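Enquirer: Have a look at this one.
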Amino acid sequence: MTSISLKSVPLTALFGIVVITGFLLTGLFADLLAPFAETEIVGMEFEPWGGDYLLGTDNLGRDMLSRLIFGARNSIGIALATTVLAFTIGTALGLLASVLGGLTDQALSRLVDMLIAIPSLVFALLLLSIFGTSILMLVLIIAMLEMTRVFRLSRAVAMNVVVMDYVEAARLRGEGLGWLVRREILPNIMAPLVAEFGLRFCFVFLAISALSFLGLGIQPPTADWGSMVRDNAALITFGDITPLLPAGCIALLTVSINFVVDWMLHRASGLKD
């Protein structure tokens, strides 16, 4: 079964799986892979590539390779935690609105509409300026903004299932709300939700990187790919591509996830190649 599944995976999705796995393993084993500590100053600022520092040093003299490796753990880990929180809240509220309907559905939908009407990046910048830029606040604020998109999708797909005969039969049998969600609705909407999780992770990952680049995301001395682009941007003036390394990691991970999500959506649709 495994070999058949692997043969059916297109090259783009296989490439995405390999890249995602590589980044995850790099983050998990960052302490073993990095030649230096995350915040250790090992030399002069902006030392060239080679020698003891394979990718040179950054604006404070920290090893770039080590910062990139620890950046994988921090950037991906925080984005993943934010996505899980946003997805949990958004899916729960969406299912609740679709099953209960009526006033509950209207109240939750109008609240989400108000949040969506405000530009996400502007709203995030405002809230982070007010409540501070700790990692906890960053996760909570981004999750609150992103859960609105998850709510709309989960509500929309659940609405199509709630009206089915087998759900109505379960209601007539006296099944409770939890049973309906777990046994009748959730199993029938998992495909679009799983695909949405991958896409939502991309949006969260890019949002956190953008905020870090602007100075309101993950704060120094924590290694983060977005802030690493900002800290080393001056090297671009001298033709040094070092700032493009963390930017390339961001782009590569985002593209890889989209490859995998596209394949998953294609499989869920039931269409033939």
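Following the order of the structure tokens, first chain is A, next is B, and so on, with residues numbered from 1 inside each chain and ligands from 1 in the order they appear.
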Which residues of range 53-120 of chain A come within 9 Å of range 178-187 of chain A, and what is each one's closest atom pair and distance in Å (one decimal), counting only C-alpha atoms, sorted by chain and residue number, as a Markdown table?

Expert:
| residue | atom | partner | partner_atom | distance |
| --- | --- | --- | --- | --- |
| A:Leu95 | CA | A:Val181 | CA | 7.2 |
| A:Leu96 | CA | A:Val181 | CA | 8.6 |
| A:Val99 | CA | A:Val181 | CA | 8.1 |

Enquirer: List as a compact mmCIF listing (two decimals) with C-alpha atoms, in the first residue's frame the protein and nucleic acid residues near Leu93 in chain A, meaning an atom at most 9 Å away when only C-alpha atoms are counted, but skip any in the same chain fewer than 6 places from it.

Expert:
# COMPACT_ATOMS: atom_id res chain seq x y z
CA LEU A 108 -20.78 34.47 15.29
CA PHE A 151 -14.53 29.77 10.66
CA SER A 154 -15.68 25.16 8.30
CA ARG A 155 -19.14 26.74 8.56

Enquirer: What is the CA of Val255 in chain A to CA of Met64 in chain A distance in Å?

Expert: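 Answer for the CA of Val255 in chain A to CA of Met64 in chain A separation: 22.9 Å.
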